[in-house]
file target.txt (compact mmCIF, N, CA and C atoms)
# COMPACT_ATOMS: atom_id res chain seq x y z
N ALA A 143 -124.16 39.24 -54.95
CA ALA A 143 -122.82 39.35 -55.51
C ALA A 143 -122.24 37.99 -55.85
N ALA A 144 -122.64 36.96 -55.09
CA ALA A 144 -122.09 35.63 -55.34
C ALA A 144 -123.01 34.78 -56.19
N GLY A 145 -124.07 35.36 -56.75
CA GLY A 145 -124.95 34.60 -57.62
C GLY A 145 -126.20 34.07 -56.95
N GLY A 146 -126.42 34.42 -55.71
CA GLY A 146 -127.61 33.95 -55.01
C GLY A 146 -128.53 35.10 -54.65
N ILE A 147 -129.71 34.75 -54.16
CA ILE A 147 -130.63 35.76 -53.66
C ILE A 147 -131.05 35.37 -52.25
N VAL A 148 -131.40 36.35 -51.46
CA VAL A 148 -131.84 36.11 -50.08
C VAL A 148 -133.29 36.55 -49.98
N GLU A 149 -134.17 35.58 -49.72
CA GLU A 149 -135.58 35.89 -49.53
C GLU A 149 -136.25 34.73 -48.80
N GLN A 150 -137.45 34.97 -48.34
CA GLN A 150 -138.21 33.94 -47.66
C GLN A 150 -138.78 32.96 -48.68
N LEU A 151 -139.13 31.78 -48.21
CA LEU A 151 -139.82 30.79 -49.03
C LEU A 151 -141.16 31.37 -49.44
N TYR A 152 -141.54 31.17 -50.69
CA TYR A 152 -142.84 31.67 -51.15
C TYR A 152 -143.84 30.52 -51.19
N ASP A 153 -144.92 30.69 -50.46
CA ASP A 153 -146.02 29.73 -50.45
C ASP A 153 -147.17 30.37 -51.21
N PRO A 154 -147.73 29.69 -52.23
CA PRO A 154 -148.81 30.28 -53.02
C PRO A 154 -150.02 30.72 -52.19
N GLU A 155 -150.29 30.02 -51.09
CA GLU A 155 -151.45 30.37 -50.26
C GLU A 155 -151.14 31.44 -49.22
N ASP A 156 -149.94 31.39 -48.64
CA ASP A 156 -149.61 32.28 -47.53
C ASP A 156 -148.61 33.38 -47.87
N GLY A 157 -148.10 33.40 -49.09
CA GLY A 157 -147.10 34.39 -49.46
C GLY A 157 -145.73 34.00 -48.91
N HIS A 158 -144.93 35.00 -48.59
CA HIS A 158 -143.59 34.74 -48.06
C HIS A 158 -143.68 34.30 -46.61
N VAL A 159 -143.05 33.17 -46.29
CA VAL A 159 -143.13 32.60 -44.95
C VAL A 159 -141.74 32.14 -44.49
N GLY A 160 -141.58 32.04 -43.16
CA GLY A 160 -140.36 31.49 -42.59
C GLY A 160 -139.19 32.44 -42.62
N PRO A 161 -138.02 31.91 -42.25
CA PRO A 161 -136.81 32.75 -42.20
C PRO A 161 -136.31 33.08 -43.60
N TYR A 162 -135.53 34.12 -43.70
CA TYR A 162 -134.87 34.42 -44.97
C TYR A 162 -133.85 33.33 -45.25
N ARG A 163 -133.74 32.95 -46.53
CA ARG A 163 -132.87 31.87 -46.94
C ARG A 163 -132.06 32.29 -48.17
N VAL A 164 -130.94 31.62 -48.38
CA VAL A 164 -130.12 31.85 -49.57
C VAL A 164 -130.56 30.85 -50.64
N TRP A 165 -130.89 31.38 -51.83
CA TRP A 165 -131.35 30.54 -52.94
C TRP A 165 -130.50 30.83 -54.16
N ALA A 166 -130.33 29.83 -55.03
CA ALA A 166 -129.78 30.08 -56.36
C ALA A 166 -130.85 30.82 -57.13
N VAL A 167 -130.46 31.72 -58.02
CA VAL A 167 -131.42 32.52 -58.78
C VAL A 167 -132.35 31.62 -59.59
N ARG A 168 -133.65 31.85 -59.46
CA ARG A 168 -134.70 31.10 -60.17
C ARG A 168 -134.64 29.59 -59.91
N GLN A 169 -134.20 29.20 -58.71
CA GLN A 169 -134.13 27.77 -58.35
C GLN A 169 -134.75 27.57 -56.98
N GLN A 170 -135.11 26.34 -56.68
CA GLN A 170 -135.65 25.99 -55.36
C GLN A 170 -134.58 25.34 -54.49
N TYR A 171 -133.34 25.68 -54.68
CA TYR A 171 -132.25 25.17 -53.86
C TYR A 171 -131.21 26.24 -53.69
N PRO A 172 -130.27 26.23 -52.78
CA PRO A 172 -130.25 25.30 -51.66
C PRO A 172 -131.26 25.66 -50.58
N GLY A 173 -131.79 26.89 -50.54
CA GLY A 173 -132.80 27.26 -49.55
C GLY A 173 -132.28 27.16 -48.13
N ILE A 174 -131.09 27.61 -47.91
CA ILE A 174 -130.45 27.45 -46.61
C ILE A 174 -130.56 28.74 -45.81
N ALA A 175 -130.88 28.62 -44.52
CA ALA A 175 -131.16 29.79 -43.68
C ALA A 175 -129.98 30.17 -42.81
N MET A 176 -128.79 30.11 -43.36
CA MET A 176 -127.59 30.49 -42.61
C MET A 176 -126.52 30.92 -43.60
N SER A 177 -125.45 31.52 -43.09
CA SER A 177 -124.40 31.99 -43.97
C SER A 177 -123.28 30.97 -44.14
N GLY A 178 -123.35 29.86 -43.42
CA GLY A 178 -122.33 28.83 -43.53
C GLY A 178 -122.93 27.45 -43.50
N SER A 179 -122.38 26.55 -44.27
CA SER A 179 -122.85 25.17 -44.31
C SER A 179 -121.66 24.28 -44.66
N ILE A 180 -121.14 23.58 -43.68
CA ILE A 180 -119.89 22.82 -43.82
C ILE A 180 -119.95 21.88 -45.02
N GLY A 181 -119.01 22.06 -45.94
CA GLY A 181 -118.86 21.18 -47.08
C GLY A 181 -119.91 21.31 -48.16
N ASP A 182 -120.85 22.23 -48.03
CA ASP A 182 -121.93 22.37 -49.00
C ASP A 182 -121.45 23.20 -50.18
N LEU A 183 -120.90 22.51 -51.19
CA LEU A 183 -120.32 23.21 -52.32
C LEU A 183 -121.37 23.84 -53.23
N VAL A 184 -122.58 23.27 -53.27
CA VAL A 184 -123.66 23.89 -54.05
C VAL A 184 -124.02 25.24 -53.44
N ALA A 185 -124.22 25.25 -52.13
CA ALA A 185 -124.54 26.51 -51.45
C ALA A 185 -123.37 27.48 -51.57
N GLY A 186 -122.16 26.96 -51.64
CA GLY A 186 -120.98 27.81 -51.80
C GLY A 186 -121.01 28.61 -53.09
N THR A 187 -121.70 28.12 -54.10
CA THR A 187 -121.76 28.84 -55.38
C THR A 187 -122.65 30.06 -55.31
N VAL A 188 -123.48 30.17 -54.28
CA VAL A 188 -124.38 31.33 -54.15
C VAL A 188 -124.07 32.17 -52.91
N GLY A 189 -122.86 32.00 -52.37
CA GLY A 189 -122.42 32.88 -51.29
C GLY A 189 -122.44 32.31 -49.89
N VAL A 190 -122.91 31.07 -49.72
CA VAL A 190 -122.88 30.43 -48.41
C VAL A 190 -121.48 29.87 -48.22
N ILE A 191 -120.90 30.07 -47.06
CA ILE A 191 -119.52 29.68 -46.81
C ILE A 191 -119.45 28.18 -46.50
N PRO A 192 -118.76 27.37 -47.35
CA PRO A 192 -118.69 25.94 -47.11
C PRO A 192 -117.56 25.52 -46.18
N ASN A 193 -116.68 26.46 -45.84
CA ASN A 193 -115.54 26.15 -44.96
C ASN A 193 -115.84 26.58 -43.54
N PRO A 194 -115.75 25.66 -42.58
CA PRO A 194 -116.12 26.01 -41.20
C PRO A 194 -115.11 26.93 -40.54
N GLU A 195 -115.60 27.74 -39.60
CA GLU A 195 -114.69 28.45 -38.71
C GLU A 195 -114.13 27.42 -37.75
N GLN A 196 -112.88 27.54 -37.43
CA GLN A 196 -112.26 26.58 -36.53
C GLN A 196 -111.61 27.31 -35.38
N SER A 197 -111.67 26.71 -34.22
CA SER A 197 -110.96 27.24 -33.06
C SER A 197 -110.55 26.06 -32.20
N THR A 198 -109.59 26.29 -31.35
CA THR A 198 -109.07 25.23 -30.49
C THR A 198 -109.34 25.59 -29.04
N HIS A 199 -109.82 24.63 -28.30
CA HIS A 199 -110.07 24.81 -26.87
C HIS A 199 -109.46 23.62 -26.13
N THR A 200 -108.93 23.87 -24.99
CA THR A 200 -108.41 22.79 -24.16
C THR A 200 -109.52 22.32 -23.24
N VAL A 201 -109.89 21.08 -23.38
CA VAL A 201 -110.94 20.50 -22.54
C VAL A 201 -110.29 19.94 -21.29
N ASP A 202 -110.82 20.35 -20.14
CA ASP A 202 -110.27 19.84 -18.88
C ASP A 202 -111.41 19.47 -17.94
N ASP A 203 -111.08 19.15 -16.72
CA ASP A 203 -112.06 18.68 -15.74
C ASP A 203 -113.11 19.72 -15.37
N SER A 204 -112.89 20.98 -15.72
CA SER A 204 -113.87 22.01 -15.39
C SER A 204 -115.05 22.00 -16.38
N TRP A 205 -114.91 21.30 -17.48
CA TRP A 205 -115.98 21.20 -18.47
C TRP A 205 -116.93 20.08 -18.04
N TYR A 206 -118.19 20.41 -17.89
CA TYR A 206 -119.17 19.38 -17.55
C TYR A 206 -119.72 18.72 -18.80
N PHE A 207 -119.90 19.52 -19.85
CA PHE A 207 -120.42 18.99 -21.11
C PHE A 207 -120.12 19.95 -22.24
N MET A 208 -120.28 19.45 -23.45
CA MET A 208 -120.13 20.25 -24.66
C MET A 208 -121.34 19.95 -25.54
N ILE A 209 -121.96 20.96 -26.10
CA ILE A 209 -123.12 20.75 -26.96
C ILE A 209 -122.68 20.90 -28.41
N LEU A 210 -122.82 19.83 -29.16
CA LEU A 210 -122.58 19.85 -30.60
C LEU A 210 -123.94 19.64 -31.26
N ALA A 211 -124.39 20.64 -32.00
CA ALA A 211 -125.73 20.56 -32.57
C ALA A 211 -125.75 21.23 -33.94
N SER A 212 -126.78 20.90 -34.68
CA SER A 212 -126.94 21.47 -36.02
C SER A 212 -127.86 22.69 -35.97
N ASP A 213 -128.09 23.27 -37.13
CA ASP A 213 -128.97 24.44 -37.22
C ASP A 213 -130.40 24.11 -36.80
N GLY A 214 -130.78 22.85 -36.82
CA GLY A 214 -132.11 22.48 -36.35
C GLY A 214 -132.33 22.82 -34.89
N ILE A 215 -131.24 22.88 -34.14
CA ILE A 215 -131.29 23.33 -32.74
C ILE A 215 -131.07 24.83 -32.68
N TRP A 216 -129.97 25.31 -33.27
CA TRP A 216 -129.56 26.70 -33.10
C TRP A 216 -130.49 27.70 -33.76
N GLU A 217 -131.32 27.26 -34.71
CA GLU A 217 -132.29 28.17 -35.33
C GLU A 217 -133.39 28.56 -34.33
N PHE A 218 -133.60 27.72 -33.33
CA PHE A 218 -134.72 27.94 -32.41
C PHE A 218 -134.32 28.15 -30.96
N ILE A 219 -133.10 27.80 -30.59
CA ILE A 219 -132.67 27.88 -29.19
C ILE A 219 -131.35 28.63 -29.10
N GLU A 220 -131.33 29.66 -28.28
CA GLU A 220 -130.10 30.43 -28.07
C GLU A 220 -129.09 29.59 -27.29
N SER A 221 -127.82 29.92 -27.45
CA SER A 221 -126.74 29.14 -26.82
C SER A 221 -126.90 29.01 -25.31
N GLN A 222 -127.13 30.11 -24.62
CA GLN A 222 -127.24 30.05 -23.16
C GLN A 222 -128.46 29.25 -22.73
N GLU A 223 -129.53 29.36 -23.47
CA GLU A 223 -130.72 28.58 -23.15
C GLU A 223 -130.45 27.08 -23.30
N ALA A 224 -129.70 26.72 -24.35
CA ALA A 224 -129.34 25.31 -24.54
C ALA A 224 -128.47 24.81 -23.39
N VAL A 225 -127.51 25.63 -22.98
CA VAL A 225 -126.65 25.26 -21.84
C VAL A 225 -127.49 25.06 -20.59
N ASP A 226 -128.40 25.98 -20.32
CA ASP A 226 -129.24 25.87 -19.12
C ASP A 226 -130.11 24.62 -19.17
N LEU A 227 -130.67 24.32 -20.34
CA LEU A 227 -131.53 23.15 -20.47
C LEU A 227 -130.72 21.86 -20.26
N VAL A 228 -129.56 21.75 -20.90
CA VAL A 228 -128.73 20.55 -20.77
C VAL A 228 -128.24 20.40 -19.33
N ALA A 229 -127.85 21.50 -18.70
CA ALA A 229 -127.37 21.44 -17.31
C ALA A 229 -128.45 20.90 -16.37
N LYS A 230 -129.70 21.20 -16.67
CA LYS A 230 -130.82 20.75 -15.84
C LYS A 230 -130.90 19.22 -15.79
N TYR A 231 -130.50 18.54 -16.87
CA TYR A 231 -130.61 17.08 -16.95
C TYR A 231 -129.26 16.37 -16.81
N PHE A 232 -128.18 17.12 -16.72
CA PHE A 232 -126.85 16.54 -16.57
C PHE A 232 -126.77 15.80 -15.23
N PRO A 233 -126.20 14.59 -15.15
CA PRO A 233 -125.36 13.92 -16.15
C PRO A 233 -126.10 12.97 -17.08
N ASN A 234 -127.42 12.98 -17.11
CA ASN A 234 -128.15 12.09 -18.01
C ASN A 234 -128.13 12.70 -19.41
N VAL A 235 -127.09 12.39 -20.18
CA VAL A 235 -126.90 13.04 -21.47
C VAL A 235 -127.98 12.66 -22.48
N GLN A 236 -128.50 11.44 -22.38
CA GLN A 236 -129.56 11.05 -23.31
C GLN A 236 -130.82 11.87 -23.07
N GLU A 237 -131.19 12.02 -21.81
CA GLU A 237 -132.37 12.81 -21.49
C GLU A 237 -132.16 14.28 -21.86
N ALA A 238 -130.96 14.79 -21.58
CA ALA A 238 -130.65 16.17 -21.93
C ALA A 238 -130.76 16.39 -23.44
N SER A 239 -130.21 15.46 -24.21
CA SER A 239 -130.26 15.56 -25.66
C SER A 239 -131.71 15.47 -26.16
N ASP A 240 -132.46 14.55 -25.60
CA ASP A 240 -133.87 14.41 -25.99
C ASP A 240 -134.66 15.68 -25.69
N LYS A 241 -134.45 16.26 -24.52
CA LYS A 241 -135.19 17.48 -24.13
C LYS A 241 -134.83 18.65 -25.04
N LEU A 242 -133.54 18.76 -25.38
CA LEU A 242 -133.09 19.83 -26.27
C LEU A 242 -133.74 19.68 -27.65
N CYS A 243 -133.74 18.48 -28.18
CA CYS A 243 -134.37 18.22 -29.48
C CYS A 243 -135.88 18.43 -29.42
N ASP A 244 -136.50 17.96 -28.34
CA ASP A 244 -137.95 18.13 -28.19
C ASP A 244 -138.34 19.61 -28.18
N GLU A 245 -137.55 20.42 -27.47
CA GLU A 245 -137.86 21.85 -27.38
C GLU A 245 -137.70 22.53 -28.74
N ALA A 246 -136.64 22.19 -29.46
CA ALA A 246 -136.44 22.77 -30.80
C ALA A 246 -137.57 22.35 -31.73
N LEU A 247 -137.97 21.10 -31.68
CA LEU A 247 -139.06 20.61 -32.52
C LEU A 247 -140.38 21.32 -32.18
N LYS A 248 -140.63 21.50 -30.89
CA LYS A 248 -141.85 22.19 -30.46
C LYS A 248 -141.89 23.62 -31.04
N ARG A 249 -140.77 24.29 -31.00
CA ARG A 249 -140.72 25.67 -31.52
C ARG A 249 -140.82 25.70 -33.04
N TRP A 250 -140.25 24.70 -33.69
CA TRP A 250 -140.35 24.62 -35.15
C TRP A 250 -141.79 24.46 -35.58
N ARG A 251 -142.55 23.66 -34.82
CA ARG A 251 -143.95 23.41 -35.16
C ARG A 251 -144.86 24.59 -34.84
N ALA A 252 -144.40 25.48 -33.97
CA ALA A 252 -145.24 26.62 -33.54
C ALA A 252 -145.42 27.65 -34.64

call {"tool": "encode", "arguments": {"input": "target.txt", "output": "structure tokens"}}
result
Amino acid sequence: AAGGIVEQLYDPEDGHVGPYRVWAVRQQYPGIAMSGSIGDLVAGTVGVIPNPEQSTHTVDDSWYFMILASDGIWEFIESQEAVDLVAKYFPNVQEASDKLCDEALKRWRA
């Protein structure tokens, strides 16, 4: 309806592979595997929402950490799993971040 199509990437040797993505008709872009992409006006022309959802939370002493990550993480790791993994290495935020990225990369390569 918005001028895009939703299908998997086509590989000449393997056929359709990977997650379903939003593409411009007869184009190899944007090829995005989500319904929203902050500020992505090209993807916005084919139905991907370029405006982020916003909410407000009060951060207080009960918060141990907050995970801000891109689709490279969330495509492969569920929210609760990410929380559990980061909590395991808290308060070493660098190690927690590295482990989270390493796990997402491992799953991407699988």

call {"tool": "closest_residue", "arguments": {"input": "target.txt", "among": "A:Ser204, A:Gln222, A:Ser212, A:Ser197", "to": "A:Cys243", "atoms": "only C-alpha atoms"}}
result
A:Ser212

call {"tool": "residues_around", "arguments": {"input": "target.txt", "residues": "A:Ala238", "least_positions_apart": "6", "cutoff": "8 Å", "atoms": "all atoms listed in the file", "output": "list of chain:residue names"}}
result
A:Leu227, A:Val228, A:Ala229, A:Lys230, A:Tyr231, A:Phe232, A:Asp244

call {"tool": "atom_distance", "arguments": {"input": "target.txt", "atom1": "atom CA of A:Leu210", "atom2": "atom CA of A:Gly160"}}
result
24.4 Å

call {"tool": "atom_distance", "arguments": {"input": "target.txt", "atom1": "atom N of A:His199", "atom2": "atom N of A:Ala246"}}
result
27.0 Å

call {"tool": "select_by_dssp", "arguments": {"input": "target.txt", "residues": "chain A", "states": "strand (DSSP E or B)", "output": "list in words"}}
result
Gly146, Ile147, Val148, Glu149, Gln150, Leu151, Tyr152, Asp153, Gly157, His158, Val159, Gly160, Pro161, Tyr162, Arg163, Val164, Trp165, Ala166, Pro172, Gly173, Ile174, Gly178 and Ile191 of chain A

call {"tool": "atom_distance", "arguments": {"input": "target.txt", "atom1": "atom CA of A:Gly189", "atom2": "atom CA of A:Phe218"}}
result
23.1 Å

call {"tool": "select_by_dssp", "arguments": {"input": "target.txt", "residues": "stretch 156-241 of chain A", "states": "helix (DSSP H, G or I)", "output": "ChimeraX atom specification"}}
result
/A:183-186,213-216,221-231,235-241

call {"tool": "closest_residue", "arguments": {"input": "target.txt", "among": "A:Leu242, A:Ile174, A:Val235, A:Val184", "to": "A:Ser221", "atoms": "only C-alpha atoms"}}
result
A:Leu242

call {"tool": "build_atoms", "arguments": {"input": "target.txt", "residues": "stretch 199-224 of chain A", "atoms": "N, CA, C and O atoms", "output": "PDB file, in the coordinates of the input"}}
result
ATOM      1  N   HIS A 199    -109.820  24.630 -28.300  1.00  0.00           N
ATOM      2  CA  HIS A 199    -110.070  24.810 -26.870  1.00  0.00           C
ATOM      3  C   HIS A 199    -109.460  23.620 -26.130  1.00  0.00           C
ATOM      4  O   HIS A 199    -109.524  22.485 -26.617  1.00  0.00           O
ATOM      5  N   THR A 200    -108.930  23.870 -24.990  1.00  0.00           N
ATOM      6  CA  THR A 200    -108.410  22.790 -24.160  1.00  0.00           C
ATOM      7  C   THR A 200    -109.520  22.320 -23.240  1.00  0.00           C
ATOM      8  O   THR A 200    -110.059  23.104 -22.455  1.00  0.00           O
ATOM      9  N   VAL A 201    -109.890  21.080 -23.380  1.00  0.00           N
ATOM     10  CA  VAL A 201    -110.940  20.500 -22.540  1.00  0.00           C
ATOM     11  C   VAL A 201    -110.290  19.940 -21.290  1.00  0.00           C
ATOM     12  O   VAL A 201    -109.327  19.190 -21.365  1.00  0.00           O
ATOM     13  N   ASP A 202    -110.820  20.350 -20.140  1.00  0.00           N
ATOM     14  CA  ASP A 202    -110.270  19.840 -18.880  1.00  0.00           C
ATOM     15  C   ASP A 202    -111.410  19.470 -17.940  1.00  0.00           C
ATOM     16  O   ASP A 202    -112.571  19.474 -18.329  1.00  0.00           O
ATOM     17  N   ASP A 203    -111.080  19.150 -16.720  1.00  0.00           N
ATOM     18  CA  ASP A 203    -112.060  18.680 -15.740  1.00  0.00           C
ATOM     19  C   ASP A 203    -113.110  19.720 -15.370  1.00  0.00           C
ATOM     20  O   ASP A 203    -114.135  19.372 -14.781  1.00  0.00           O
ATOM     21  N   SER A 204    -112.890  20.980 -15.720  1.00  0.00           N
ATOM     22  CA  SER A 204    -113.870  22.010 -15.390  1.00  0.00           C
ATOM     23  C   SER A 204    -115.050  22.000 -16.380  1.00  0.00           C
ATOM     24  O   SER A 204    -116.070  22.610 -16.122  1.00  0.00           O
ATOM     25  N   TRP A 205    -114.910  21.300 -17.480  1.00  0.00           N
ATOM     26  CA  TRP A 205    -115.980  21.200 -18.470  1.00  0.00           C
ATOM     27  C   TRP A 205    -116.930  20.080 -18.040  1.00  0.00           C
ATOM     28  O   TRP A 205    -116.531  18.935 -17.887  1.00  0.00           O
ATOM     29  N   TYR A 206    -118.190  20.410 -17.890  1.00  0.00           N
ATOM     30  CA  TYR A 206    -119.170  19.380 -17.550  1.00  0.00           C
ATOM     31  C   TYR A 206    -119.720  18.720 -18.800  1.00  0.00           C
ATOM     32  O   TYR A 206    -120.024  17.540 -18.815  1.00  0.00           O
ATOM     33  N   PHE A 207    -119.900  19.520 -19.850  1.00  0.00           N
ATOM     34  CA  PHE A 207    -120.420  18.990 -21.110  1.00  0.00           C
ATOM     35  C   PHE A 207    -120.120  19.950 -22.240  1.00  0.00           C
ATOM     36  O   PHE A 207    -119.727  21.098 -22.021  1.00  0.00           O
ATOM     37  N   MET A 208    -120.280  19.450 -23.450  1.00  0.00           N
ATOM     38  CA  MET A 208    -120.130  20.250 -24.660  1.00  0.00           C
ATOM     39  C   MET A 208    -121.340  19.950 -25.540  1.00  0.00           C
ATOM     40  O   MET A 208    -121.729  18.786 -25.691  1.00  0.00           O
ATOM     41  N   ILE A 209    -121.960  20.960 -26.100  1.00  0.00           N
ATOM     42  CA  ILE A 209    -123.120  20.750 -26.960  1.00  0.00           C
ATOM     43  C   ILE A 209    -122.680  20.900 -28.410  1.00  0.00           C
ATOM     44  O   ILE A 209    -122.235  21.962 -28.817  1.00  0.00           O
ATOM     45  N   LEU A 210    -122.820  19.830 -29.160  1.00  0.00           N
ATOM     46  CA  LEU A 210    -122.580  19.850 -30.600  1.00  0.00           C
ATOM     47  C   LEU A 210    -123.940  19.640 -31.260  1.00  0.00           C
ATOM     48  O   LEU A 210    -124.567  18.605 -31.077  1.00  0.00           O
ATOM     49  N   ALA A 211    -124.390  20.640 -32.000  1.00  0.00           N
ATOM     50  CA  ALA A 211    -125.730  20.560 -32.570  1.00  0.00           C
ATOM     51  C   ALA A 211    -125.750  21.230 -33.940  1.00  0.00           C
ATOM     52  O   ALA A 211    -124.885  22.026 -34.271  1.00  0.00           O
ATOM     53  N   SER A 212    -126.780  20.900 -34.680  1.00  0.00           N
ATOM     54  CA  SER A 212    -126.940  21.470 -36.020  1.00  0.00           C
ATOM     55  C   SER A 212    -127.860  22.690 -35.970  1.00  0.00           C
ATOM     56  O   SER A 212    -128.388  23.053 -34.919  1.00  0.00           O
ATOM     57  N   ASP A 213    -128.090  23.270 -37.130  1.00  0.00           N
ATOM     58  CA  ASP A 213    -128.970  24.440 -37.220  1.00  0.00           C
ATOM     59  C   ASP A 213    -130.400  24.110 -36.800  1.00  0.00           C
ATOM     60  O   ASP A 213    -131.149  25.005 -36.465  1.00  0.00           O
ATOM     61  N   GLY A 214    -130.780  22.850 -36.820  1.00  0.00           N
ATOM     62  CA  GLY A 214    -132.110  22.480 -36.350  1.00  0.00           C
ATOM     63  C   GLY A 214    -132.330  22.820 -34.890  1.00  0.00           C
ATOM     64  O   GLY A 214    -133.452  23.044 -34.444  1.00  0.00           O
ATOM     65  N   ILE A 215    -131.240  22.880 -34.140  1.00  0.00           N
ATOM     66  CA  ILE A 215    -131.290  23.330 -32.740  1.00  0.00           C
ATOM     67  C   ILE A 215    -131.070  24.830 -32.680  1.00  0.00           C
ATOM     68  O   ILE A 215    -131.869  25.583 -32.117  1.00  0.00           O
ATOM     69  N   TRP A 216    -129.970  25.310 -33.270  1.00  0.00           N
ATOM     70  CA  TRP A 216    -129.560  26.700 -33.100  1.00  0.00           C
ATOM     71  C   TRP A 216    -130.490  27.700 -33.760  1.00  0.00           C
ATOM     72  O   TRP A 216    -130.502  28.867 -33.399  1.00  0.00           O
ATOM     73  N   GLU A 217    -131.320  27.260 -34.710  1.00  0.00           N
ATOM     74  CA  GLU A 217    -132.290  28.170 -35.330  1.00  0.00           C
ATOM     75  C   GLU A 217    -133.390  28.560 -34.330  1.00  0.00           C
ATOM     76  O   GLU A 217    -134.000  29.609 -34.462  1.00  0.00           O
ATOM     77  N   PHE A 218    -133.600  27.720 -33.330  1.00  0.00           N
ATOM     78  CA  PHE A 218    -134.720  27.940 -32.410  1.00  0.00           C
ATOM     79  C   PHE A 218    -134.320  28.150 -30.960  1.00  0.00           C
ATOM     80  O   PHE A 218    -135.142  28.621 -30.162  1.00  0.00           O
ATOM     81  N   ILE A 219    -133.100  27.800 -30.590  1.00  0.00           N
ATOM     82  CA  ILE A 219    -132.670  27.880 -29.190  1.00  0.00           C
ATOM     83  C   ILE A 219    -131.350  28.630 -29.100  1.00  0.00           C
ATOM     84  O   ILE A 219    -130.377  28.267 -29.777  1.00  0.00           O
ATOM     85  N   GLU A 220    -131.330  29.660 -28.280  1.00  0.00           N
ATOM     86  CA  GLU A 220    -130.100  30.430 -28.070  1.00  0.00           C
ATOM     87  C   GLU A 220    -129.090  29.590 -27.290  1.00  0.00           C
ATOM     88  O   GLU A 220    -129.459  28.684 -26.537  1.00  0.00           O
ATOM     89  N   SER A 221    -127.820  29.920 -27.450  1.00  0.00           N
ATOM     90  CA  SER A 221    -126.740  29.140 -26.820  1.00  0.00           C
ATOM     91  C   SER A 221    -126.900  29.010 -25.310  1.00  0.00           C
ATOM     92  O   SER A 221    -126.827  27.897 -24.771  1.00  0.00           O
ATOM     93  N   GLN A 222    -127.130  30.110 -24.620  1.00  0.00           N
ATOM     94  CA  GLN A 222    -127.240  30.050 -23.160  1.00  0.00           C
ATOM     95  C   GLN A 222    -128.460  29.250 -22.730  1.00  0.00           C
ATOM     96  O   GLN A 222    -128.413  28.501 -21.741  1.00  0.00           O
ATOM     97  N   GLU A 223    -129.530  29.360 -23.470  1.00  0.00           N
ATOM     98  CA  GLU A 223    -130.720  28.580 -23.150  1.00  0.00           C
ATOM     99  C   GLU A 223    -130.450  27.080 -23.300  1.00  0.00           C
ATOM    100  O   GLU A 223    -130.898  26.267 -22.497  1.00  0.00           O
ATOM    101  N   ALA A 224    -129.700  26.720 -24.350  1.00  0.00           N
ATOM    102  CA  ALA A 224    -129.340  25.310 -24.540  1.00  0.00           C
ATOM    103  C   ALA A 224    -128.470  24.810 -23.390  1.00  0.00           C
ATOM    104  O   ALA A 224    -128.672  23.714 -22.874  1.00  0.00           O
TER     105      ALA A 224
END
